[in-house]
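Peer 1: You'll find upload_31.cif just under this line, and it carries mmCIF, C-alpha atoms.
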```cif
data_final
#
loop_
_atom_site.group_PDB
_atom_site.id
_atom_site.type_symbol
_atom_site.label_atom_id
_atom_site.label_comp_id
_atom_site.auth_asym_id
_atom_site.auth_seq_id
_atom_site.Cartn_x
_atom_site.Cartn_y
_atom_site.Cartn_z
ATOM 1 C CA MET A 25 1.770 -15.654 19.771
ATOM 2 C CA LYS A 26 1.192 -12.820 17.381
ATOM 3 C CA LEU A 27 -0.962 -9.993 18.649
ATOM 4 C CA GLN A 28 -3.180 -8.738 15.875
ATOM 5 C CA LEU A 29 -5.071 -5.501 15.610
ATOM 6 C CA CYS A 30 -8.752 -5.433 14.943
ATOM 7 C CA HIS A 31 -9.385 -4.083 11.489
ATOM 8 C CA TYR A 32 -12.378 -2.137 12.550
ATOM 9 C CA SER A 33 -11.810 -0.919 16.094
ATOM 10 C CA GLY A 34 -8.040 -1.003 16.168
ATOM 11 C CA TYR A 35 -7.937 -2.861 19.458
ATOM 12 C CA LYS A 36 -5.457 -5.630 20.178
ATOM 13 C CA ILE A 37 -6.662 -9.142 19.626
ATOM 14 C CA TYR A 38 -5.245 -11.637 22.086
ATOM 15 C CA PRO A 39 -5.078 -15.337 21.333
ATOM 16 C CA GLY A 40 -8.402 -17.048 21.656
ATOM 17 C CA HIS A 41 -10.362 -14.011 20.575
ATOM 18 C CA GLY A 42 -11.418 -12.616 17.282
ATOM 19 C CA LYS A 43 -12.542 -13.792 13.915
ATOM 20 C CA THR A 44 -10.812 -13.551 10.564
ATOM 21 C CA MET A 45 -12.631 -13.036 7.325
ATOM 22 C CA VAL A 46 -11.315 -13.214 3.797
ATOM 23 C CA ARG A 47 -12.974 -11.071 1.193
ATOM 24 C CA THR A 48 -13.475 -12.168 -2.397
ATOM 25 C CA ASP A 49 -10.618 -9.986 -3.595
ATOM 26 C CA GLY A 50 -8.268 -11.753 -1.198
ATOM 27 C CA LYS A 51 -8.038 -9.060 1.468
ATOM 28 C CA THR A 52 -8.034 -10.437 4.983
ATOM 29 C CA PHE A 53 -9.841 -8.734 7.834
ATOM 30 C CA VAL A 54 -9.518 -9.511 11.500
ATOM 31 C CA PHE A 55 -12.218 -8.484 13.918
ATOM 32 C CA LEU A 56 -12.045 -8.427 17.664
ATOM 33 C CA ASN A 57 -15.638 -9.427 18.234
ATOM 34 C CA SER A 58 -19.026 -9.554 16.621
ATOM 35 C CA LYS A 59 -19.590 -5.873 17.422
ATOM 36 C CA CYS A 60 -16.739 -4.926 15.119
ATOM 37 C CA GLU A 61 -17.765 -7.477 12.541
ATOM 38 C CA ARG A 62 -21.306 -6.153 12.527
ATOM 39 C CA GLY A 63 -20.103 -2.601 12.125
ATOM 40 C CA TYR A 64 -18.087 -3.667 9.146
ATOM 41 C CA ARG A 65 -20.938 -5.621 7.634
ATOM 42 C CA LEU A 66 -23.327 -2.722 8.108
ATOM 43 C CA LYS A 67 -20.815 -0.695 6.118
ATOM 44 C CA ARG A 68 -20.304 1.750 8.912
ATOM 45 C CA ASN A 69 -17.141 3.676 8.448
ATOM 46 C CA PRO A 70 -14.985 3.148 11.560
ATOM 47 C CA ARG A 71 -13.825 6.738 11.186
ATOM 48 C CA GLU A 72 -17.339 7.825 12.097
ATOM 49 C CA VAL A 73 -17.848 5.385 14.920
ATOM 50 C CA ARG A 74 -16.906 7.138 18.100
ATOM 51 C CA TRP A 75 -15.322 4.383 20.119
ATOM 52 C CA THR A 76 -12.906 3.108 17.476
ATOM 53 C CA ILE A 77 -9.282 4.061 17.474
ATOM 54 C CA LEU A 78 -9.538 5.270 13.889
ATOM 55 C CA TYR A 79 -12.119 7.829 14.957
ATOM 56 C CA ARG A 80 -10.026 8.973 17.880
ATOM 57 C CA ARG A 81 -6.988 9.323 15.717
ATOM 58 C CA LYS A 82 -8.868 11.282 13.090
ATOM 59 C CA HIS A 83 -10.401 13.661 15.633
ATOM 60 C CA LYS A 84 -7.171 13.782 17.653
ATOM 61 C CA LYS A 85 -8.773 12.667 20.889
ATOM 62 C CA GLY A 86 -6.446 12.001 23.779
ATOM 63 C CA MET A 87 -3.373 12.475 21.592
ATOM 64 C CA ASP A 88 -1.741 15.083 23.833
ATOM 65 C CA GLU A 89 0.009 12.461 25.928
ATOM 66 C CA GLU A 90 1.541 10.969 22.835
ATOM 67 C CA THR A 91 4.229 13.155 21.339
ATOM 68 C CA ALA A 92 2.871 14.741 18.246
ATOM 69 C CA LYS A 93 5.503 15.139 15.587
ATOM 70 C CA LYS A 94 6.099 18.770 14.967
ATOM 71 C CA ARG A 95 7.266 19.475 11.508
ATOM 72 C CA THR A 96 9.185 22.729 11.356
ATOM 73 C CA ARG A 97 9.210 24.455 8.034
ATOM 74 C CA ARG A 98 12.715 24.975 6.904
ATOM 75 C CA THR A 99 13.506 26.992 3.834
ATOM 76 C CA GLN A 100 16.058 25.396 1.630
ATOM 77 C CA LYS A 101 19.102 27.464 0.832
ATOM 78 C CA TYR A 102 19.461 27.527 -2.873
ATOM 79 C CA GLN A 103 22.034 29.261 -4.973
ATOM 80 C CA ARG A 104 20.434 31.254 -7.719
ATOM 81 C CA ALA A 105 21.982 33.313 -10.459
ATOM 82 C CA ILE A 106 21.293 37.042 -10.239
ATOM 83 C CA VAL A 107 21.159 39.591 -13.033
ATOM 84 C CA GLY A 108 24.696 40.744 -13.482
ATOM 85 C CA ALA A 109 26.330 37.601 -12.086
ATOM 86 C CA SER A 110 25.705 34.141 -13.523
ATOM 87 C CA LEU A 111 25.810 31.058 -11.273
ATOM 88 C CA THR A 112 29.266 30.136 -12.501
ATOM 89 C CA ASP A 113 30.517 33.611 -11.645
ATOM 90 C CA ILE A 114 29.103 33.346 -8.150
ATOM 91 C CA MET A 115 30.541 29.859 -7.639
ATOM 92 C CA ALA A 116 33.923 30.948 -9.010
ATOM 93 C CA LYS A 117 34.050 33.896 -6.663
ATOM 94 C CA ARG A 118 33.011 31.723 -3.724
ATOM 95 C CA ASN A 119 35.407 28.908 -4.454
ATOM 96 C CA MET A 120 38.371 31.190 -5.004
ATOM 97 C CA LYS A 121 41.316 30.232 -2.901
ATOM 98 C CA PRO A 122 42.421 32.770 -0.250
ATOM 99 C CA GLU A 123 45.809 33.193 -1.951
ATOM 100 C CA VAL A 124 44.118 34.042 -5.217
ATOM 101 C CA ARG A 125 41.779 36.371 -3.458
ATOM 102 C CA LYS A 126 44.656 38.054 -1.653
ATOM 103 C CA ALA A 127 46.530 38.410 -4.934
ATOM 104 C CA GLN A 128 43.484 39.959 -6.576
ATOM 105 C CA ARG A 129 43.026 42.262 -3.644
ATOM 106 C CA GLU A 130 46.629 43.382 -3.752
ATOM 107 C CA GLN A 131 46.292 43.901 -7.445
ATOM 108 C CA ALA A 132 43.220 46.015 -6.902
ATOM 109 C CA ILE A 133 45.012 48.002 -4.218
ATOM 110 C CA ARG A 134 47.981 48.480 -6.497
ATOM 111 C CA ALA A 135 45.708 49.604 -9.300
ATOM 112 C CA ALA A 136 43.904 52.000 -7.028
ATOM 113 C CA LYS A 137 47.193 53.357 -5.696
ATOM 114 C CA GLU A 138 48.436 53.791 -9.221
ATOM 115 C CA LYS A 139 45.291 55.583 -10.112
ATOM 116 C CA THR A 140 45.600 58.016 -7.222
ATOM 117 C CA ARG A 141 49.274 58.469 -7.928
ATOM 118 C CA ALA A 142 48.497 59.144 -11.554
ATOM 119 C CA ALA A 143 45.774 61.571 -10.590
ATOM 120 C CA LYS A 144 48.220 63.354 -8.260
ATOM 121 C CA ALA A 145 50.811 63.381 -11.027
ATOM 122 C CA THR A 146 48.418 64.977 -13.501
ATOM 123 C CA LYS A 147 47.475 67.518 -10.893
ATOM 124 C CA LYS A 148 51.125 68.354 -10.345
ATOM 125 C CA SER A 149 51.322 68.537 -14.154
ATOM 126 C CA ASN A 150 54.530 66.483 -14.501
ATOM 127 C CA SER A 151 53.056 64.377 -17.342
ATOM 128 C CA ASN A 152 56.300 63.475 -19.125
ATOM 129 C CA THR A 153 57.906 61.662 -16.152
ATOM 130 C CA GLN A 154 54.704 59.715 -15.222
ATOM 131 C CA LYS A 155 53.698 58.359 -18.653
ATOM 132 C CA PRO A 156 56.123 55.398 -18.874
ATOM 133 C CA ASN A 157 55.138 54.339 -15.293
ATOM 134 C CA LYS A 158 51.452 54.407 -16.150
ATOM 135 C CA LYS A 159 51.990 52.232 -19.187
ATOM 136 C CA ALA A 160 53.923 49.648 -17.194
ATOM 137 C CA THR A 161 51.210 49.354 -14.504
ATOM 138 C CA GLN A 162 48.476 49.136 -17.115
ATOM 139 C CA LYS A 163 50.227 46.188 -18.760
ATOM 140 C CA ILE A 164 50.568 44.315 -15.446
ATOM 141 C CA ALA A 165 46.930 44.980 -14.627
ATOM 142 C CA LYS A 166 45.679 43.846 -18.013
ATOM 143 C CA VAL A 167 47.430 40.460 -18.238
ATOM 144 C CA PRO A 168 45.939 38.872 -15.127
ATOM 145 C CA LYS A 169 42.546 40.310 -16.046
ATOM 146 C CA ALA A 170 42.817 38.655 -19.450
ATOM 147 C CA ALA A 171 43.582 35.331 -17.769
ATOM 148 C CA ARG A 172 40.400 35.514 -15.722
ATOM 149 C CA PRO A 173 37.894 35.717 -18.560
ATOM 150 C CA GLY A 174 39.744 32.721 -19.980
ATOM 151 C CA THR A 175 38.804 30.589 -17.016
ATOM 152 C CA HIS A 176 35.218 31.769 -17.197
ATOM 153 C CA GLY A 177 35.212 31.107 -20.903
ATOM 154 C CA GLY A 178 36.439 27.593 -20.100
ATOM 155 C CA HIS A 179 33.452 27.033 -17.823
ATOM 156 C CA ALA A 180 31.058 28.355 -20.433
ATOM 157 C CA GLY A 181 32.664 26.158 -23.066
ATOM 158 C CA HIS A 182 32.032 23.058 -20.949
ATOM 159 C CA GLY A 183 28.468 24.125 -20.448
ATOM 160 C CA SER A 184 27.767 24.564 -24.138
ATOM 161 C CA ARG A 185 29.320 21.167 -24.993
ATOM 162 C CA ARG A 186 26.863 19.399 -22.718
ATOM 163 C CA MET B 16 -64.004 -1.625 -0.910
ATOM 164 C CA SER B 17 -63.177 1.079 1.582
ATOM 165 C CA ASN B 18 -60.260 3.384 0.935
ATOM 166 C CA VAL B 19 -58.400 2.312 4.068
ATOM 167 C CA LEU B 20 -58.591 -1.348 3.145
ATOM 168 C CA LEU B 21 -57.283 -0.618 -0.313
ATOM 169 C CA GLN B 22 -54.368 1.323 1.106
ATOM 170 C CA ARG B 23 -53.526 -1.507 3.483
ATOM 171 C CA MET B 24 -53.531 -4.026 0.678
ATOM 172 C CA VAL B 25 -51.215 -1.849 -1.377
ATOM 173 C CA LEU B 26 -48.874 -1.468 1.584
ATOM 174 C CA GLN B 27 -48.790 -5.189 2.232
ATOM 175 C CA SER B 28 -48.028 -6.055 -1.329
ATOM 176 C CA SER B 29 -45.276 -3.451 -1.461
ATOM 177 C CA LYS B 30 -43.663 -4.811 1.728
ATOM 178 C CA GLY B 31 -43.947 -8.361 0.504
ATOM 179 C CA THR B 32 -46.210 -10.174 2.880
ATOM 180 C CA ALA B 33 -46.679 -8.510 6.213
ATOM 181 C CA GLY B 34 -46.030 -10.522 9.338
ATOM 182 C CA LEU B 35 -43.625 -13.105 7.822
ATOM 183 C CA HIS B 36 -40.442 -13.684 9.688
ATOM 184 C CA THR B 37 -37.589 -15.390 7.899
ATOM 185 C CA SER B 38 -34.391 -16.686 9.431
ATOM 186 C CA SER B 39 -31.103 -15.654 7.905
ATOM 187 C CA THR B 40 -29.574 -17.888 5.266
ATOM 188 C CA LEU B 41 -27.346 -20.660 6.542
ATOM 189 C CA HIS B 42 -24.882 -20.698 3.628
ATOM 190 C CA GLU B 43 -24.401 -24.426 4.002
ATOM 191 C CA ILE B 44 -22.529 -26.430 1.436
ATOM 192 C CA ARG B 45 -24.937 -29.161 0.495
ATOM 193 C CA LYS B 46 -25.952 -30.841 -2.690
ATOM 194 C CA MET B 47 -26.671 -28.342 -5.417
ATOM 195 C CA ALA B 48 -24.507 -25.654 -3.851
ATOM 196 C CA ARG B 49 -22.600 -23.564 -6.369
ATOM 197 C CA LEU B 50 -18.929 -23.297 -5.620
ATOM 198 C CA ARG B 51 -16.014 -21.219 -6.789
ATOM 199 C CA VAL B 52 -12.947 -22.878 -8.203
ATOM 200 C CA VAL B 53 -9.846 -21.035 -7.019
ATOM 201 C CA ASP B 54 -7.031 -23.005 -8.590
ATOM 202 C CA ASN B 55 -5.767 -22.431 -12.117
ATOM 203 C CA SER B 56 -6.830 -25.730 -13.592
ATOM 204 C CA LYS B 57 -8.046 -25.534 -17.146
ATOM 205 C CA ILE B 58 -11.426 -27.016 -16.487
ATOM 206 C CA GLY B 59 -11.966 -24.857 -13.422
ATOM 207 C CA LYS B 60 -11.094 -21.644 -15.210
ATOM 208 C CA ALA B 61 -13.290 -22.515 -18.143
ATOM 209 C CA ALA B 62 -16.270 -23.248 -15.957
ATOM 210 C CA MET B 63 -15.907 -20.048 -13.922
ATOM 211 C CA LEU B 64 -15.425 -17.975 -17.052
ATOM 212 C CA GLU B 65 -18.430 -19.521 -18.709
ATOM 213 C CA GLY B 66 -20.621 -18.463 -15.814
ATOM 214 C CA LYS B 67 -21.558 -22.024 -14.908
ATOM 215 C CA PRO B 68 -19.819 -22.635 -11.621
ATOM 216 C CA PRO B 69 -19.465 -26.213 -10.422
ATOM 217 C CA ARG B 70 -22.281 -27.600 -8.337
ATOM 218 C CA CYS B 71 -21.761 -29.821 -5.363
ATOM 219 C CA ILE B 72 -23.403 -33.189 -5.887
ATOM 220 C CA HIS B 73 -22.097 -35.034 -2.876
ATOM 221 C CA VAL B 74 -20.402 -34.167 0.365
ATOM 222 C CA TYR B 75 -18.069 -36.810 1.779
ATOM 223 C CA ASN B 76 -19.244 -36.203 5.271
ATOM 224 C CA LYS B 77 -21.526 -37.935 7.699
ATOM 225 C CA LYS B 78 -23.645 -34.848 8.010
ATOM 226 C CA SER B 79 -23.986 -33.911 4.322
ATOM 227 C CA VAL B 80 -22.911 -30.397 5.176
ATOM 228 C CA GLY B 81 -19.516 -29.392 3.940
ATOM 229 C CA HIS B 82 -17.033 -27.481 6.029
ATOM 230 C CA THR B 83 -13.599 -26.142 5.213
ATOM 231 C CA GLY B 84 -11.375 -29.050 4.367
ATOM 232 C CA ASP B 85 -14.110 -31.492 3.393
ATOM 233 C CA LYS B 86 -13.959 -33.447 0.210
ATOM 234 C CA VAL B 87 -16.868 -32.921 -2.141
ATOM 235 C CA LEU B 88 -17.943 -34.268 -5.488
ATOM 236 C CA VAL B 89 -18.768 -31.582 -8.006
ATOM 237 C CA ALA B 90 -20.339 -31.502 -11.421
ATOM 238 C CA ILE B 91 -18.235 -29.288 -13.626
ATOM 239 C CA LYS B 92 -18.561 -28.880 -17.381
ATOM 240 C CA GLY B 93 -20.546 -32.077 -17.683
ATOM 241 C CA GLN B 94 -18.010 -34.086 -15.688
ATOM 242 C CA MET B 95 -17.775 -35.287 -12.145
ATOM 243 C CA LYS B 96 -14.707 -34.204 -10.253
ATOM 244 C CA ARG B 97 -13.588 -34.388 -6.686
ATOM 245 C CA ALA B 98 -12.658 -31.230 -4.834
ATOM 246 C CA ILE B 99 -11.601 -29.949 -1.435
ATOM 247 C CA LEU B 100 -13.429 -27.075 0.201
ATOM 248 C CA VAL B 101 -10.848 -24.466 1.077
ATOM 249 C CA GLY B 102 -13.117 -21.703 2.263
ATOM 250 C CA CYS B 103 -16.705 -21.458 3.336
ATOM 251 C CA HIS B 104 -19.052 -18.528 3.697
ATOM 252 C CA GLN B 105 -20.667 -20.118 6.678
ATOM 253 C CA ASP B 106 -19.264 -19.473 10.112
ATOM 254 C CA GLN B 107 -16.784 -22.173 10.786
ATOM 255 C CA LYS B 108 -15.294 -23.533 13.954
ATOM 256 C CA PRO B 109 -13.224 -21.060 15.929
ATOM 257 C CA LEU B 110 -9.844 -20.132 14.472
ATOM 258 C CA MET B 111 -10.904 -21.146 10.991
ATOM 259 C CA PRO B 112 -11.189 -18.000 8.857
ATOM 260 C CA LYS B 113 -14.393 -17.178 7.073
ATOM 261 C CA PHE B 114 -14.527 -16.428 3.389
ATOM 262 C CA ASP B 115 -16.920 -14.387 1.334
ATOM 263 C CA THR B 116 -17.132 -17.165 -1.250
ATOM 264 C CA ASN B 117 -17.251 -20.941 -1.086
ATOM 265 C CA ASN B 118 -13.941 -21.916 -2.581
ATOM 266 C CA ILE B 119 -12.863 -25.290 -3.865
ATOM 267 C CA VAL B 120 -9.709 -26.777 -5.290
ATOM 268 C CA LEU B 121 -10.200 -29.547 -7.825
ATOM 269 C CA ILE B 122 -8.326 -32.763 -7.123
ATOM 270 C CA ASP B 123 -8.154 -36.242 -8.527
ATOM 271 C CA ASP B 124 -8.733 -39.440 -6.569
ATOM 272 C CA ASN B 125 -5.239 -39.427 -5.144
ATOM 273 C CA GLY B 126 -5.545 -35.926 -3.822
ATOM 274 C CA THR B 127 -3.224 -34.335 -6.341
ATOM 275 C CA PRO B 128 -4.639 -30.999 -7.456
ATOM 276 C CA LEU B 129 -5.594 -30.474 -11.075
ATOM 277 C CA GLY B 130 -4.167 -26.981 -11.201
ATOM 278 C CA ASN B 131 -0.700 -25.898 -10.200
ATOM 279 C CA ARG B 132 -1.324 -22.623 -8.394
ATOM 280 C CA ILE B 133 -3.838 -21.114 -6.019
ATOM 281 C CA HIS B 134 -3.883 -17.350 -5.752
ATOM 282 C CA VAL B 135 -6.601 -17.042 -3.158
ATOM 283 C CA PRO B 136 -5.585 -17.182 0.516
ATOM 284 C CA ILE B 137 -5.791 -20.651 2.032
ATOM 285 C CA PRO B 138 -6.300 -21.198 5.738
ATOM 286 C CA THR B 139 -3.301 -22.688 7.462
ATOM 287 C CA MET B 140 -5.690 -24.490 9.781
ATOM 288 C CA LEU B 141 -6.444 -26.747 6.843
ATOM 289 C CA ARG B 142 -3.235 -28.640 7.303
ATOM 290 C CA LYS B 143 -4.301 -30.644 10.298
ATOM 291 C CA LYS B 144 -7.558 -31.717 8.719
ATOM 292 C CA LEU B 145 -5.916 -32.649 5.453
ATOM 293 C CA VAL B 146 -3.231 -34.633 7.211
ATOM 294 C CA ASP B 147 -5.889 -36.526 9.135
ATOM 295 C CA MET B 148 -7.770 -37.224 5.921
ATOM 296 C CA SER B 149 -4.733 -38.463 4.059
ATOM 297 C CA ARG B 150 -3.910 -42.143 3.853
ATOM 298 C CA PRO B 151 -0.231 -43.065 3.655
ATOM 299 C CA LYS B 152 -0.528 -45.437 0.702
ATOM 300 C CA SER B 153 -3.340 -43.908 -1.325
ATOM 301 C CA ALA B 154 -4.381 -40.319 -0.972
ATOM 302 C CA ASP B 155 -2.270 -37.341 0.057
ATOM 303 C CA TYR B 156 -4.513 -34.339 0.354
ATOM 304 C CA THR B 157 -1.885 -31.992 1.684
ATOM 305 C CA LYS B 158 -0.541 -31.438 -1.813
ATOM 306 C CA ILE B 159 -2.964 -28.572 -2.304
ATOM 307 C CA LEU B 160 -1.123 -26.631 0.387
ATOM 308 C CA ALA B 161 2.026 -26.898 -1.678
ATOM 309 C CA ILE B 162 0.499 -25.035 -4.591
ATOM 310 C CA ALA B 163 -0.986 -22.282 -2.443
ATOM 311 C CA THR B 164 0.671 -18.869 -2.645
ATOM 312 C CA ARG B 165 -0.955 -17.006 0.213
ATOM 313 C CA PHE B 166 -2.005 -18.248 3.595
ATOM 314 C CA VAL B 167 -4.351 -16.796 6.108
#
```
For the structure just supplied, provide its representation as structure tokens.
Peer 2:
Amino acid sequence: MKLQLCHYSGYKIYPGHGKTMVRTDGKTFVFLNSKCERGYRLKRNPREVRWTILYRRKHKKGMDEETAKKRTRRTQKYQRAIVGASLTDIMAKRNMKPEVRKAQREQAIRAAKEKTRAAKATKKSNSNTQKPNKKATQKIAKVPKAARPGTHGGHAGHGSRR
Amino acid sequence: MSNVLLQRMVLQSSKGTAGLHTSSTLHEIRKMARLRVVDNSKIGKAAMLEGKPPRCIHVYNKKSVGHTGDKVLVAIKGQMKRAILVGCHQDQKPLMPKFDTNNIVLIDDNGTPLGNRIHVPIPTMLRKKLVDMSRPKSADYTKILAIATRFV
């Protein structure tokens, strides 16, 4: 048999006990005994009546034995665009494949080496022999760099279409 | 008249009459009781809307007091109609739920309800009583349970 809960006190109602009442709006109330029914009829709020379970729950009486759910505050990690790097830029940099990254790195190293070499060459003041080399490295450096803005432009283009 | 006597008289009249003890109302369904039609029959809706609820004019009971499940005769919109009591404000027998209003469902002589839906909760305990009331060849009063939507 179904064990109901008293609407007022919150106690269990075993078969053979209790009284049900249907209000005009159709809501059904089950009371354990006339004490609960009277409390309801006198319009006493069960949350202010000390012995009811609703009161005890509200004032957290005797709840220590029951495990209280602890809700830990967790900050959500959220990718945000920063001044100087839009979200697409950040995502592109993050999602870059290791090979691509390695290639870029090597390129950067090469460029840096070329720069130092060029600086050394100017210092040694052998400008005639170094000029054609400089031009060649600059061309290599420029082409891949041109390709990159293209991909970013592609992203931006998609964004504007939407 | 003395001042004290005057004051007493005023007090008594304000209280009503001092020293009278009334018993609480019995909420019995007898003749002249106003009832609430809970099905969606045309005549029932019209009467309730009008503000002239049907009045009980006869209770088909040996004790003239209607309980949940009793057949009653009501006067509604100038007509006489039969009805079944599906909820009483009075305390009923144990296990029968109590309602805040005295609800009826209009039926004809064969027990078929006039409306086709009841939106108010109907006690399931009604079934036994209605089955006992029903006659196999003539009246089947359990049809009102078929049109009920909610049970209690």
Peer 1: Pick out the residues sitting within 12 Å of stretch 61-72 of chain A, and hand them over as a list in words; count all atoms listed in the file, and ignore anything fewer than 4 positions along from it in its own chain.
Peer 2: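 Listing them by chain and then by number gives Cys30, His31, Tyr32, Ser33, Gly34, Gly42, Lys43, Thr44, Met45, Arg47, Phe53, Val54, Phe55, Leu56, Asn57, Thr76, Ile77, Leu78, Tyr79, Arg80, Arg81, Lys82, His83 and Lys84 of chain A; Lys113 and Asp115 of chain B.
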Peer 1: Write out as a ChimeraX atom specification which residues come within 10 Å of B:Gly81 when counting only C-alpha atoms, dropping same-chain ones fewer than 5 positions away.
Peer 2: /B:43-46,48,71,73-76,86-87,99-100,103,105
Peer 1: Compile the residues of chain B that lie within 8 Å of chain A, evaluated using all atoms listed in the file, and express the compilation as a ChimeraX atom specification.
Peer 2: /B:109-116,135-136,167
Peer 1: Do you know which residues the PyMOL selection byres ((chain A and resi 28) around 8) returns on this file, as a list in words?
Peer 2: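 When the PyMOL selection byres ((chain A and resi 28) around 8) is applied to the shown file, the picked residues are Lys26, Leu27, Leu29, Cys30, Lys36, Ile37, Tyr38 and Val54 of chain A.
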Peer 1: Emit the selected residues as a PDB file, in the coordinates of the input, including C-alpha atoms.
Peer 2:
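The resulting file, part24.pdb, is reproduced below:
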```pdb
ATOM      1  CA  LYS A  26       1.192 -12.820  17.381  1.00  0.00           C
ATOM      2  CA  LEU A  27      -0.962  -9.993  18.649  1.00  0.00           C
ATOM      3  CA  LEU A  29      -5.071  -5.501  15.610  1.00  0.00           C
ATOM      4  CA  CYS A  30      -8.752  -5.433  14.943  1.00  0.00           C
ATOM      5  CA  LYS A  36      -5.457  -5.630  20.178  1.00  0.00           C
ATOM      6  CA  ILE A  37      -6.662  -9.142  19.626  1.00  0.00           C
ATOM      7  CA  TYR A  38      -5.245 -11.637  22.086  1.00  0.00           C
ATOM      8  CA  VAL A  54      -9.518  -9.511  11.500  1.00  0.00           C
TER       9      VAL A  54
END
```
Peer 1: If I take atom CA of A:Ile133 and atom CA of A:Lys147, how far is one from the other in Å, to one decimal?
Peer 2: 20.8 Å
Peer 1: Determine the residue membership of the PyMOL selection byres ((chain B and resi 50) around 7) for the file above and supply it as an NGL selection string.
Peer 2: :B and (48-49 or 51-52 or 68-70 or 117-119)
Peer 1: Could the residues in this selection be saved with C-alpha atoms as a compact mmCIF listing (two decimals), in the frame of the given file?
Peer 2:
```
# COMPACT_ATOMS: atom_id res chain seq x y z
CA ALA B 48 -24.51 -25.65 -3.85
CA ARG B 49 -22.60 -23.56 -6.37
CA ARG B 51 -16.01 -21.22 -6.79
CA VAL B 52 -12.95 -22.88 -8.20
CA PRO B 68 -19.82 -22.64 -11.62
CA PRO B 69 -19.46 -26.21 -10.42
CA ARG B 70 -22.28 -27.60 -8.34
CA ASN B 117 -17.25 -20.94 -1.09
CA ASN B 118 -13.94 -21.92 -2.58
CA ILE B 119 -12.86 -25.29 -3.86
```
Peer 1: As an exercise, work out the distance from atom CA of B:Val53 to atom CA of B:Ser79 in Å and give it to one decimal place.
Peer 2: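 A separation of 22.2 Å between them.
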Peer 1: What is the distance, in Å and to one decimal place, between atom CA of A:Lys126 and atom CA of A:Ala109?
Peer 2: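 Computing it gives 21.1 Å between the two atoms.
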Peer 1: Please provide as an MDAnalysis selection string all residues within 9 Å of B:Asp155, with the sequence filter that same-chain residues fewer than 5 positions apart are discarded (counting all atoms listed in the file).
Peer 2: chainID B and resid 125:127 145:146 148:150
Peer 1: As a check of understanding, name the residues that the PyMOL selection byres ((chain B and resi 91) around 8) selects in the supplied structure, as JSON, numbers by chain.
Peer 2: {"B": [58, 59, 62, 68, 69, 70, 89, 90, 92, 93, 94, 95, 96]}
Peer 1: Find the residues near B:Phe166: any atom within 10 Å, counting all atoms listed in the file, skip ones fewer than 3 places away on the same chain, and give them as a tab-separated table (two decimals) with C-alpha atoms, in the frame of the given file.
Peer 2:
```tsv
chain	number	residue	atom	x	y	z
A	52	THR	CA	-8.03	-10.44	4.98
B	134	HIS	CA	-3.88	-17.35	-5.75
B	135	VAL	CA	-6.60	-17.04	-3.16
B	136	PRO	CA	-5.58	-17.18	0.52
B	137	ILE	CA	-5.79	-20.65	2.03
B	138	PRO	CA	-6.30	-21.20	5.74
B	139	THR	CA	-3.30	-22.69	7.46
B	140	MET	CA	-5.69	-24.49	9.78
B	160	LEU	CA	-1.12	-26.63	0.39
B	163	ALA	CA	-0.99	-22.28	-2.44
```
Peer 1: For B:Lys57, which residue out of B:Asn131, B:Thr40, B:Thr164, B:Thr157 is the nearest one, using all atoms listed in the file?
Peer 2: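 For B:Lys57, the nearest of the candidates is B:Asn131.
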Peer 1: Skip B:Ser56 itself and residues of its chain fewer than 6 positions away, then list as a list in words all residues within 10 Å of it, counting all atoms listed in the file.
Peer 2: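 Those residues are Val120, Leu121, Ile122, Pro128, Leu129, Gly130, Asn131, Arg132 and Ile133 of chain B.
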